[in-house]
Each structure stands twice: as structure tokens, then as C-alpha cells.
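Undergrad: Just run.txt, nothing more (compact mmCIF, C-alpha atoms):
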# COMPACT_ATOMS: atom_id res chain seq x y z
CA MET F 1 -13.39 27.53 6.80
CA THR F 2 -10.05 25.90 7.60
CA ASP F 3 -10.02 23.58 10.57
CA PHE F 4 -6.30 22.93 10.53
CA ILE F 5 -3.47 25.41 10.93
CA VAL F 6 0.06 24.23 10.23
CA GLU F 7 2.99 26.21 11.61
CA ALA F 8 5.97 26.26 9.27
CA GLU F 9 9.23 28.04 8.61
CA LEU F 10 10.87 28.99 5.35
CA ARG F 11 13.41 26.41 4.19
CA GLU F 12 16.55 27.90 2.74
CA GLU F 13 18.39 24.74 1.81
CA THR F 14 16.92 22.27 -0.64
CA GLY F 15 18.10 18.90 -1.85
CA ARG F 16 18.56 15.41 -0.45
CA SER F 17 21.30 16.04 2.09
CA ALA F 18 19.70 19.19 3.48
CA ALA F 19 16.36 17.37 3.79
CA ARG F 20 18.09 14.52 5.64
CA ARG F 21 19.70 16.97 8.07
CA LEU F 22 16.28 18.46 8.76
CA ARG F 23 14.69 15.06 9.36
CA ARG F 24 17.46 14.14 11.80
CA ALA F 25 16.70 17.37 13.67
CA GLY F 26 13.03 16.42 14.08
CA LYS F 27 11.76 18.55 11.22
CA LEU F 28 9.65 17.62 8.22
CA PRO F 29 10.41 19.22 4.84
CA GLY F 30 7.58 20.23 2.53
CA ILE F 31 6.65 22.55 -0.27
CA ILE F 32 3.80 24.87 -1.16
CA TYR F 33 3.08 25.39 -4.85
CA GLY F 34 0.38 26.41 -7.31
CA GLY F 35 -1.89 29.42 -7.51
CA ASP F 36 0.34 31.38 -9.94
CA LYS F 37 2.76 32.16 -7.11
CA PRO F 38 6.37 31.00 -6.70
CA ASP F 39 7.07 27.70 -4.95
CA LEU F 40 7.73 28.01 -1.22
CA PRO F 41 9.96 25.34 0.36
CA ILE F 42 9.02 25.00 4.03
CA THR F 43 9.90 22.98 7.08
CA MET F 44 7.52 21.88 9.83
CA ASP F 45 7.78 20.27 13.25
CA TYR F 46 7.53 16.53 12.67
CA ASN F 47 5.72 15.60 15.91
CA THR F 48 2.96 18.15 15.37
CA VAL F 49 2.32 17.31 11.75
CA SER F 50 2.51 13.54 12.18
CA LYS F 51 -0.45 13.72 14.61
CA LEU F 52 -2.42 15.73 12.06
CA LEU F 53 -1.61 13.20 9.34
CA ASN F 54 -3.48 10.53 11.29
CA GLU F 55 -6.72 12.50 10.94
CA GLU F 56 -8.76 11.70 7.85
CA LEU F 57 -10.01 15.29 7.51
CA PHE F 58 -6.44 16.62 7.23
CA HIS F 59 -6.10 14.83 3.89
CA THR F 60 -9.30 16.16 2.34
CA SER F 61 -9.94 19.61 3.80
CA MET F 62 -8.53 23.06 3.21
CA LEU F 63 -5.64 23.95 5.50
CA GLU F 64 -3.89 27.13 6.46
CA VAL F 65 -0.10 27.10 6.52
CA LYS F 66 1.42 29.94 8.55
CA VAL F 67 4.94 30.43 7.28
CA LYS F 68 7.30 32.40 9.53
CA GLY F 69 9.16 35.02 7.55
CA SER F 70 6.70 35.04 4.68
CA ARG F 71 3.87 37.46 4.11
CA GLY F 72 0.41 36.51 3.03
CA LYS F 73 -1.94 33.68 3.83
CA ASN F 74 -1.41 30.21 2.39
CA THR F 75 -4.71 28.40 2.00
CA VAL F 76 -3.74 24.98 0.73
CA MET F 77 -4.72 21.34 0.43
CA LEU F 78 -2.49 18.36 1.06
CA LYS F 79 -1.71 17.19 -2.46
CA ASP F 80 0.80 14.44 -1.77
CA SER F 81 2.60 12.84 1.14
CA GLN F 82 5.67 10.64 1.02
CA TYR F 83 6.50 8.03 3.62
CA ASP F 84 9.59 6.06 4.54
CA PRO F 85 9.05 2.50 3.27
CA LEU F 86 10.49 0.93 6.43
CA LYS F 87 9.47 3.19 9.29
CA ASP F 88 6.17 4.40 7.74
CA THR F 89 7.00 7.92 8.92
CA ALA F 90 6.24 10.95 6.75
CA THR F 91 9.29 12.23 4.86
CA HIS F 92 7.83 15.05 2.73
CA LEU F 93 4.53 16.86 2.23
CA ASP F 94 3.26 18.69 -0.85
CA PHE F 95 0.70 21.44 -0.35
CA MET F 96 -1.17 22.99 -3.26
CA ARG F 97 -2.57 26.52 -3.02
CA VAL F 98 -6.33 26.57 -3.58
CA SER F 99 -9.23 28.91 -3.13
CA ALA F 100 -12.66 27.77 -2.00
CA SER F 101 -14.21 28.12 -5.44
CA ASP F 102 -11.50 26.12 -7.24
CA SER F 103 -12.48 22.84 -8.80
CA ILE F 104 -10.00 20.19 -7.74
CA THR F 105 -9.46 16.45 -8.12
CA MET F 106 -8.65 14.44 -5.00
CA ASP F 107 -8.47 10.81 -3.92
CA VAL F 108 -11.15 10.16 -1.31
CA PRO F 109 -11.27 6.91 0.68
CA VAL F 110 -14.18 4.48 0.32
CA VAL F 111 -15.84 3.24 3.51
CA ALA F 112 -18.35 0.38 3.70
CA ILE F 113 -21.12 0.94 6.26
CA ASN F 114 -23.83 -1.33 7.71
CA THR F 115 -21.69 -4.41 7.04
CA GLU F 116 -23.07 -6.10 10.19
CA LYS F 117 -26.62 -5.82 8.77
CA CYS F 118 -25.60 -7.10 5.33
CA PRO F 119 -27.55 -10.30 4.42
CA GLY F 120 -24.67 -11.46 2.23
CA VAL F 121 -22.23 -11.29 5.13
CA ALA F 122 -24.72 -13.16 7.33
CA MET F 123 -24.70 -15.96 4.73
CA GLY F 124 -20.92 -16.30 4.96
CA GLY F 125 -19.81 -13.78 2.35
CA MET F 126 -17.29 -11.04 2.93
CA VAL F 127 -17.20 -7.39 1.93
CA SER F 128 -14.42 -7.10 -0.60
CA ILE F 129 -13.49 -3.51 -1.43
CA ILE F 130 -12.04 -3.40 -4.94
CA ARG F 131 -11.40 0.37 -5.01
CA HIS F 132 -10.12 1.68 -1.69
CA SER F 133 -10.26 5.27 -2.94
CA LEU F 134 -12.05 7.22 -5.66
CA GLU F 135 -10.74 10.18 -7.61
CA VAL F 136 -13.43 12.81 -7.16
CA SER F 137 -13.79 16.25 -8.71
CA CYS F 138 -15.46 18.92 -6.60
CA ARG F 139 -15.04 22.38 -5.13
CA ALA F 140 -12.06 22.71 -2.81
CA ASP F 141 -14.25 23.61 0.17
CA SER F 142 -16.59 20.66 -0.22
CA VAL F 143 -14.35 17.62 -0.56
CA PRO F 144 -16.10 14.73 1.22
CA GLU F 145 -14.16 13.16 4.12
CA HIS F 146 -14.95 9.73 2.70
CA ILE F 147 -17.48 8.08 0.41
CA GLU F 148 -19.84 5.79 2.27
CA ILE F 149 -21.25 2.70 0.62
CA ASP F 150 -24.25 1.16 2.30
CA CYS F 151 -23.97 -2.62 2.42
CA GLY F 152 -27.21 -3.03 4.41
CA ALA F 153 -29.17 -4.66 1.57
CA LEU F 154 -26.47 -6.45 -0.42
CA GLU F 155 -26.96 -10.17 -1.02
CA LEU F 156 -24.23 -12.75 -1.50
CA GLY F 157 -22.42 -12.11 -4.79
CA ALA F 158 -23.86 -8.59 -5.20
CA SER F 159 -21.65 -5.81 -6.52
CA VAL F 160 -21.74 -2.05 -6.19
CA HIS F 161 -20.62 -0.13 -9.27
CA ILE F 162 -19.72 3.50 -9.62
CA GLU F 163 -23.05 4.31 -11.29
CA ASP F 164 -24.97 2.67 -8.41
CA ILE F 165 -23.78 5.04 -5.70
CA THR F 166 -25.08 8.47 -4.82
CA LEU F 167 -22.24 10.91 -4.43
CA PRO F 168 -22.47 13.99 -2.19
CA ALA F 169 -23.87 17.09 -3.95
CA GLY F 170 -21.34 18.84 -6.17
CA THR F 171 -19.06 15.82 -6.29
CA GLU F 172 -18.46 13.72 -9.37
CA VAL F 173 -16.24 10.84 -10.37
CA HIS F 174 -15.11 10.82 -13.99
CA HIS F 175 -15.33 7.31 -15.42
CA ASP F 176 -15.39 5.69 -18.84
CA VAL F 177 -16.53 2.29 -17.67
CA ASN F 178 -18.94 1.39 -14.91
CA PHE F 179 -16.26 -0.10 -12.65
CA THR F 180 -16.87 -2.12 -9.51
CA ILE F 181 -16.21 -0.49 -6.14
CA LEU F 182 -17.01 -3.37 -3.84
CA ASN F 183 -18.70 -6.74 -3.83
CA ILE F 184 -19.90 -9.34 -1.39
CA ALA F 185 -17.52 -12.15 -2.25
CA VAL F 186 -18.55 -15.76 -1.95
CA PRO F 187 -15.78 -17.65 -0.12
CA LYS F 188 -14.08 -20.13 -2.43
CA GLY F 189 -14.91 -23.71 -1.51
CA ALA F 190 -17.76 -22.74 0.80
CA GLY F 191 -19.88 -25.83 1.40
CA SER F 192 -17.53 -28.15 -0.51
CA ALA F 193 -15.01 -30.65 0.81
CA GLU F 194 -11.89 -29.17 -0.71
CA SER F 195 -8.59 -29.27 1.14
CA GLU F 196 -8.15 -26.52 3.69
CA GLU F 197 -5.03 -25.18 1.94
CA GLU F 198 -7.17 -24.11 -1.00
CA ASP F 199 -10.08 -22.64 0.94
CA ALA F 200 -9.19 -18.97 1.29
CA VAL F 201 -9.64 -16.92 -1.84
CA GLU F 202 -6.15 -16.17 -2.93
CA THR F 203 -4.63 -13.97 -5.57
CA GLU F 204 -1.07 -13.76 -6.71
CA VAL F 205 0.01 -10.31 -7.75
CA GLU F 206 2.73 -9.91 -10.34
CA ASN F 207 5.71 -7.78 -9.40
CA GLY F 208 4.93 -4.12 -9.79
CA SER F 209 1.50 -4.59 -11.30
CA ALA F 210 -0.24 -2.76 -8.51
CA GLU F 211 1.90 0.36 -8.47
CA MET A 8 5.19 -23.73 -6.17
CA LEU A 9 5.50 -20.41 -7.97
CA GLN A 10 7.88 -20.14 -10.90
CA PRO A 11 7.88 -18.33 -14.25
CA LYS A 12 5.94 -19.98 -17.08
CA LYS A 13 8.37 -18.89 -19.75
CA ILE A 14 11.97 -17.80 -19.40
CA ARG A 15 14.39 -16.16 -21.78
CA TRP A 16 17.64 -17.16 -20.07
CA ARG A 17 18.09 -20.27 -17.91
CA LYS A 18 20.84 -18.86 -15.69
CA HIS A 19 21.07 -15.41 -14.16
CA HIS A 20 23.59 -13.37 -12.22
CA LYS A 21 22.89 -12.91 -8.52
CA GLU A 22 21.42 -9.47 -9.31
CA LEU A 23 22.26 -8.01 -5.92
CA GLN A 24 21.09 -4.57 -7.06
CA ARG A 25 17.55 -5.98 -6.88
CA ILE A 26 18.06 -6.78 -3.19
CA ARG A 27 20.08 -3.91 -1.73
CA GLY A 28 18.44 -0.74 -0.43
CA LYS A 29 14.89 0.20 0.47
CA SER A 30 12.00 -0.68 -1.78
CA PRO A 31 10.63 2.34 -3.65
CA ARG A 32 7.81 0.21 -5.04
CA GLY A 33 5.33 -2.16 -3.44
CA ALA A 34 5.86 -0.63 0.00
CA SER A 35 2.22 0.19 0.75
CA LEU A 36 -0.95 -1.88 1.04
CA ASN A 37 -2.81 -1.90 -2.26
CA PHE A 38 -5.40 -4.63 -1.88
CA GLY A 39 -6.12 -5.72 1.68
CA GLN A 40 -6.50 -4.35 5.19
CA TYR A 41 -3.50 -6.14 6.68
CA GLY A 42 -0.08 -6.98 5.29
CA LEU A 43 3.32 -8.41 6.05
CA LYS A 44 6.23 -6.08 5.28
CA ALA A 45 9.88 -7.06 4.84
CA MET A 46 12.09 -5.15 7.29
CA GLU A 47 15.36 -6.29 5.76
CA PRO A 48 16.43 -7.28 2.26
CA GLY A 49 16.83 -10.88 1.22
CA ARG A 50 16.05 -13.67 -1.19
CA ILE A 51 12.86 -15.62 -0.49
CA THR A 52 12.61 -19.00 -2.18
CA ALA A 53 9.48 -20.32 -3.87
CA ARG A 54 9.29 -22.99 -1.16
CA GLN A 55 9.29 -20.37 1.60
CA ILE A 56 6.60 -18.32 -0.17
CA GLU A 57 4.48 -21.47 -0.50
CA ALA A 58 5.07 -22.52 3.12
CA ALA A 59 3.97 -19.11 4.39
CA ARG A 60 0.91 -19.16 2.09
CA ILE A 61 -0.18 -22.58 3.38
CA THR A 62 0.31 -21.40 6.97
CA ILE A 63 -1.90 -18.36 6.39
CA ASN A 64 -4.64 -20.43 4.73
CA ARG A 65 -4.58 -23.07 7.48
CA HIS A 66 -4.98 -20.38 10.11
CA VAL A 67 -7.83 -18.45 8.49
CA ARG A 68 -9.67 -21.60 7.33
CA ARG A 69 -12.55 -20.68 5.06
CA GLN A 70 -12.43 -16.95 5.63
CA GLY A 71 -10.71 -14.01 4.08
CA ARG A 72 -8.67 -13.34 1.03
CA VAL A 73 -4.92 -13.46 0.55
CA TRP A 74 -2.70 -11.67 -1.95
CA ILE A 75 0.91 -12.67 -2.62
CA ARG A 76 2.82 -9.53 -3.61
CA ILE A 77 6.14 -11.14 -4.56
CA PHE A 78 7.04 -13.58 -7.30
CA PRO A 79 10.14 -15.82 -7.50
CA ASP A 80 11.54 -14.91 -10.91
CA LEU A 81 15.28 -15.26 -10.22
CA PRO A 82 16.83 -18.72 -10.80
CA VAL A 83 19.57 -19.84 -8.43
CA SER A 84 22.09 -22.36 -9.78
CA LYS A 85 24.07 -24.90 -7.79
CA LYS A 86 26.89 -27.29 -8.57
CA PRO A 87 26.31 -30.94 -7.67
CA ALA A 88 28.05 -32.41 -4.61
CA GLU A 89 31.66 -33.56 -4.93
CA VAL A 90 32.27 -31.70 -8.16
CA ARG A 91 35.50 -29.74 -8.62
CA MET A 92 35.37 -26.02 -9.23
CA GLY A 93 35.32 -24.82 -12.84
CA LYS A 94 33.75 -26.41 -15.91
CA GLY A 95 31.06 -23.76 -16.06
CA LYS A 96 28.10 -22.56 -14.01
CA GLY A 97 25.94 -25.14 -12.23
CA SER A 98 22.39 -25.98 -13.24
CA PRO A 99 19.35 -24.03 -11.97
CA GLU A 100 18.24 -25.49 -8.65
CA TYR A 101 15.43 -23.29 -7.35
CA TRP A 102 13.67 -19.93 -7.81
CA VAL A 103 13.83 -16.93 -5.50
CA ALA A 104 12.14 -13.55 -5.18
CA ALA A 105 14.56 -10.68 -4.66
CA VAL A 106 13.05 -8.59 -1.87
CA LYS A 107 14.16 -5.14 -0.80
CA ALA A 108 13.50 -3.80 2.70
CA GLY A 109 10.03 -2.26 2.93
CA ARG A 110 8.38 -4.53 0.38
CA ILE A 111 4.90 -5.84 1.17
CA LEU A 112 5.02 -9.65 0.92
CA TYR A 113 1.44 -10.71 1.67
CA GLU A 114 -1.85 -8.90 2.05
CA MET A 115 -5.06 -10.10 3.70
CA ASP A 116 -8.64 -8.89 3.89
CA GLY A 117 -12.08 -10.06 4.97
CA ILE A 118 -11.03 -11.24 8.45
CA ASP A 119 -10.81 -9.71 11.92
CA GLU A 120 -7.61 -8.17 13.24
CA GLU A 121 -6.84 -10.93 15.74
CA MET A 122 -7.03 -13.64 13.10
CA ALA A 123 -4.98 -11.59 10.62
CA TYR A 124 -2.23 -11.03 13.19
CA GLY A 125 -2.22 -14.74 14.08
CA ALA A 126 -1.95 -15.80 10.45
CA LEU A 127 0.73 -13.28 9.52
CA GLN A 128 2.82 -14.01 12.63
CA ARG A 129 2.82 -17.70 11.72
CA ALA A 130 3.67 -16.88 8.10
CA ALA A 131 6.54 -14.64 9.23
CA ALA A 132 8.08 -17.62 11.03
CA LYS A 133 8.43 -19.39 7.67
CA LEU A 134 10.42 -16.56 6.09
CA PRO A 135 14.19 -15.98 6.28
CA ILE A 136 13.96 -12.22 6.96
CA ARG A 137 12.63 -9.93 9.69
CA THR A 138 9.12 -8.71 8.96
CA LYS A 139 6.41 -6.61 10.55
CA ILE A 140 2.64 -6.58 10.28
CA VAL A 141 1.13 -3.41 8.81
CA VAL A 142 -2.48 -2.22 8.86
CA ARG A 143 -4.12 0.12 6.35
CA GLY A 144 -4.03 3.62 7.84
CA VAL A 145 -5.33 7.09 7.11
CA GLY A 146 -3.95 8.58 3.90
CA ARG A 147 -1.90 5.49 3.02
Show me the file's structure as C-alpha cells.
TA:
Amino acid sequence: MTDFIVEAELREETGRSAARRLRRAGKLPGIIYGGDKPDLPITMDYNTVSKLLNEELFHTSMLEVKVKGSRGKNTVMLKDSQYDPLKDTATHLDFMRVSASDSITMDVPVVAINTEKCPGVAMGGMVSIIRHSLEVSCRADSVPEHIEIDCGALELGASVHIEDITLPAGTEVHHDVNFTILNIAVPKGAGSAESEEEDAVETEVENGSAE
Amino acid sequence: MLQPKKIRWRKHHKELQRIRGKSPRGASLNFGQYGLKAMEPGRITARQIEAARITINRHVRRQGRVWIRIFPDLPVSKKPAEVRMGKGKGSPEYWVAAVKAGRILYEMDGIDEEMAYGALQRAAAKLPIRTKIVVRGVGR
């Protein structure tokens, strides 16, 4: 049921300075919580876990954390991961205890497929993903690795909305409005004689608006 | 060039607290596949932001999409030449964006990796700080 096993040790010290000491020693601090049990601060080997973090399945599947010095099995899911803004290395992981029958909400990445066959792209458009991830609700043991959106038949200017896609069985996305997930954008100035500085579609984002 | 449409105060302090330290916000890609990340803190003027934007657009021609993730909202004042010290603060001269280390400056999408790297490398040459190119990864 669980493809990934994470080896961990109990962490006795908590707080910023203790966490920094651990990171300097090649360890990665984390925590296990949820499931009506007490929180369990843990520490893991950074090199081992950083390789796992590069696998898409690690973020969406059930994991087993073996904690040295602690009894019982910890079946968890990766709830949150923090990264250093400069080095892009993981600094802390949050694991949430789950059981297979639990209904959970997770962010699942959106992937566009068949873009090379897309008639809109052939006419000069580009696949513009508006939502890079969707918040899906499903059973803990059936979280999809990613949500595929078929672009094989999309014309120039076409959009795919949340109500247009077929989600895997048992998976649902709560939504109030029928929001756009991706579209085949028409390049600005295509076919006109505008100056080249203005050709690329360009958006200015206000400070902090995208957080 | 970018500058605020409406301002409350004409002259500001240097606001060094907006520059020092690592950026807790705006440090990950939110829109595009590729981005340019600041590796050190600094003040980027509206002219530099514009110069880098033009460089990106010239390189990618009619393809792709560009997002500018910073905005120059801090006025910098300057005294005229050959004026003695004192007699009050100088007049606003230009606008800068206060950038902390780790901040994403530009994002791009809809182009191949080679072209994105070319455009962002050329844009980085227009900026007064060290930067690196980042690509959207798993889980981030």
C-alpha cells in the first residue's frame, strides 16, 4: 500500500536554533501530527529524503515513517514542505497521519498532454496553464499522481474549465465558479506589424498578489 | 516605465528593512515554467526592470508569456549638482523595487527551455544583482 518508507529518529530538541544545528549536520527536521495522537517531532537524513522529494508520487501517496525509538506504525502523507528561498533545499517537512479510508484534501499538479497534436498550438497558439495545481478531495489511498488534461482537440483560443474535465473515480474538486484551468492563448500581435518589444504577452504582477 | 499611479507621500525613507534578509514571499514560481530569482538583496530601478523586460521580449520574439513579479514603489530622492548640504531632502528622482534575496523577478512560459535560458541570461545582465534561473519542479 505504501511505496515509500522514510527512516527517521525522534527529535528531542525543538526550536529555530536546534533545527539549524540539525540542518548543519546534514539532517532534515520534520513533524508527524494528526490522527488523535500526540505530535512527534522527527529528524531525517537530508540526502535520502531530498531524492524522494523529487519524485511526484512522494507528494501524493501514503508513506510509512519508521521512527527509531518510537513504537507503532506511522502511515502518513506529506502535508507540507518548506524550502530555503535561496538554495531551494528542503528545510522542514510536515507529515499528517492518515488511514486508507480517510477523506483528505490535497493539491495535485495539472499536466497538459497531447500538446504536440493540439491544432491550436499548430496555428501558433501556446498552452497556457492558469491553475498549476488543483485542490482535490478523495480517499487517502487513491490520490491521483497528477490530473491530465488532453489538449489534443483544442483550437486556438479554446479554454478548459473545471466542469469540462473528467476527474479520476472517487476524486472531486470543490468549486463555486466554473474556473479556467488552461487555455490555448493567442499570441499578442500575431500577424500584425507591432514593434517587437510589445509582441510577447506580458503581465505585470503586483507585489504579493500571487502569494 | 513602471511607477505607482497614485502616491500618498512623495518622499520615503530608504526602508532598508525591505531589502535585508531572505524573501519569505514571492520566492517560488507561481505563473510560469521558468523564472529569474534574485540571489542577493538590492534595489532595482524602474529603468533596469524595463531594460530587462525589453531584452526578454526581443529574444523570444512573438512567442511565450512574461510576468514581472516586482514593482518599483519606492521613490529615491537626489539633490541637484553643486548644491550645499542641508536645506531639506532632495526631490524624487527615480523609482526602485526593494528586492530581498530569493525573490522571483521575472517568470516565463510558453517557450522551450533553451530560449527561456537565453532570454533570462540576457535579462540578468541588465540587473544590478546576482541572479539564477529557476525551473518549476516537483512539489514546488
Undergrad: Compute the set of chain A residues within 10 Å of chain F, using only C-alpha atoms, and express it as a VMD selection string.
TA: chain A and resid 9 29 to 40 44 to 47 60 to 80 104 108 to 111 113 to 118 139 141 144 to 147
Undergrad: Can you measure CA of Gln128 in chain A to CA of Ile51 in chain A for me? One decimal in Å is fine.
TA: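 Separating CA of Gln128 in chain A from CA of Ile51 in chain A is a distance of 16.6 Å.
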Undergrad: Taking 3 positions as the minimum chain separation for residues in the same chain, which residues sit within 8 Å of Thr52 in chain A when counting only C-alpha atoms? Answer as a PDB file with C-alpha atoms, in the frame of the given file.
TA:
ATOM      1  CA  GLN A  55       9.290 -20.370   1.600  1.00  0.00           C
ATOM      2  CA  ILE A  56       6.600 -18.320  -0.170  1.00  0.00           C
ATOM      3  CA  PRO A  79      10.140 -15.820  -7.500  1.00  0.00           C
ATOM      4  CA  TYR A 101      15.430 -23.290  -7.350  1.00  0.00           C
ATOM      5  CA  TRP A 102      13.670 -19.930  -7.810  1.00  0.00           C
ATOM      6  CA  VAL A 103      13.830 -16.930  -5.500  1.00  0.00           C
ATOM      7  CA  ALA A 104      12.140 -13.550  -5.180  1.00  0.00           C
TER       8      ALA A 104
END
Undergrad: Please report, as AutoDock Vina command-line options, the centre and edge lengths in Å to one decimal of an axis-aligned box covering all listed atoms of range 28-42 of chain A with 5 Å per side.
TA:
--center_x 6.0 --center_y -2.3 --center_z 0.8 --size_x 34.9 --size_y 19.3 --size_z 21.7
Undergrad: Residues within 12 Å of Lys21 in chain A, please, as a VMD selection string. Count only C-alpha atoms; anything in the same chain fewer than 4 positions from it doesn't count.
TA: chain A and resid 25 to 27 49 to 50 80 to 84 102 to 105
Undergrad: Using C-alpha atoms, can you export the residues from the last selection as a PDB file, keeping the file's coordinate frame?
TA:
ATOM      1  CA  ARG A  25      17.550  -5.980  -6.880  1.00  0.00           C
ATOM      2  CA  ILE A  26      18.060  -6.780  -3.190  1.00  0.00           C
ATOM      3  CA  ARG A  27      20.080  -3.910  -1.730  1.00  0.00           C
ATOM      4  CA  GLY A  49      16.830 -10.880   1.220  1.00  0.00           C
ATOM      5  CA  ARG A  50      16.050 -13.670  -1.190  1.00  0.00           C
ATOM      6  CA  ASP A  80      11.540 -14.910 -10.910  1.00  0.00           C
ATOM      7  CA  LEU A  81      15.280 -15.260 -10.220  1.00  0.00           C
ATOM      8  CA  PRO A  82      16.830 -18.720 -10.800  1.00  0.00           C
ATOM      9  CA  VAL A  83      19.570 -19.840  -8.430  1.00  0.00           C
ATOM     10  CA  SER A  84      22.090 -22.360  -9.780  1.00  0.00           C
ATOM     11  CA  TRP A 102      13.670 -19.930  -7.810  1.00  0.00           C
ATOM     12  CA  VAL A 103      13.830 -16.930  -5.500  1.00  0.00           C
ATOM     13  CA  ALA A 104      12.140 -13.550  -5.180  1.00  0.00           C
ATOM     14  CA  ALA A 105      14.560 -10.680  -4.660  1.00  0.00           C
TER      15      ALA A 105
END
Undergrad: Using Å and a single decimal, report how far CA of His92 in chain F sits from CA of Pro29 in chain F.
TA: 5.3 Å
Undergrad: Taking all atoms listed in the file into account, which of A:Arg54, A:Gly42, A:Ser98, A:Val106 comes nearest Gln24 in chain A?
TA: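 That would be A:Val106, the residue with the smallest distance to Gln24 in chain A.
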Undergrad: Separation of CA of Asn47 in chain F and CA of Asp94 in chain F, in Å?
TA: 17.2 Å
Undergrad: Quick one: residues within 12 Å of Ser159 in chain F, only C-alpha atoms, excluding same-chain residues fewer than 4 positions away - as an MDAnalysis selection string?
TA: chainID F and resid 120 126:130 149:151 153:155 163:165 178:186
Undergrad: Could you name the residues that touch Asp39 in chain F at 12 Å or less, counting all atoms listed in the file, but leaving out those on the same chain fewer than 2 positions away, as a list in words?
TA: Leu10, Arg11, Gly30, Ile31, Ile32, Tyr33, Gly34, Gly35, Asp36, Lys37, Pro41, Ile42, Asn74, Asp94, Phe95, Met96 and Arg97 of chain F
Undergrad: Which residue gives the smallest distance to Arg17 in chain A among A:Ala123, A:Leu112, A:Pro99, A:Arg129, with only C-alpha atoms counted?
TA: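 Of all the options, A:Pro99 lies closest to Arg17 in chain A.
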Undergrad: Env of Thr105 in chain F: 12 Å cut, atoms = all atoms listed in the file, seq-sep filter 2 positions within chain, self excluded. Answer as a PyMOL selection string.
TA: chain F and resi 60+77-79+96+98+102-103+107-108+134-144+171-174
Undergrad: From (14.1, 14.4, 0.6), in the file's coordinates, out to 7 Å: which residues are reached, counting all atoms listed in the file? Answer as a PDB file with C-alpha atoms, in the frame of the given file.
TA:
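In the end it all went to out34.pdb:
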ATOM      1  CA  GLY F  15      18.100  18.900  -1.850  1.00  0.00           C
ATOM      2  CA  ARG F  16      18.560  15.410  -0.450  1.00  0.00           C
ATOM      3  CA  ALA F  19      16.360  17.370   3.790  1.00  0.00           C
ATOM      4  CA  ARG F  20      18.090  14.520   5.640  1.00  0.00           C
ATOM      5  CA  THR F  91       9.290  12.230   4.860  1.00  0.00           C
ATOM      6  CA  HIS F  92       7.830  15.050   2.730  1.00  0.00           C
TER       7      HIS F  92
END
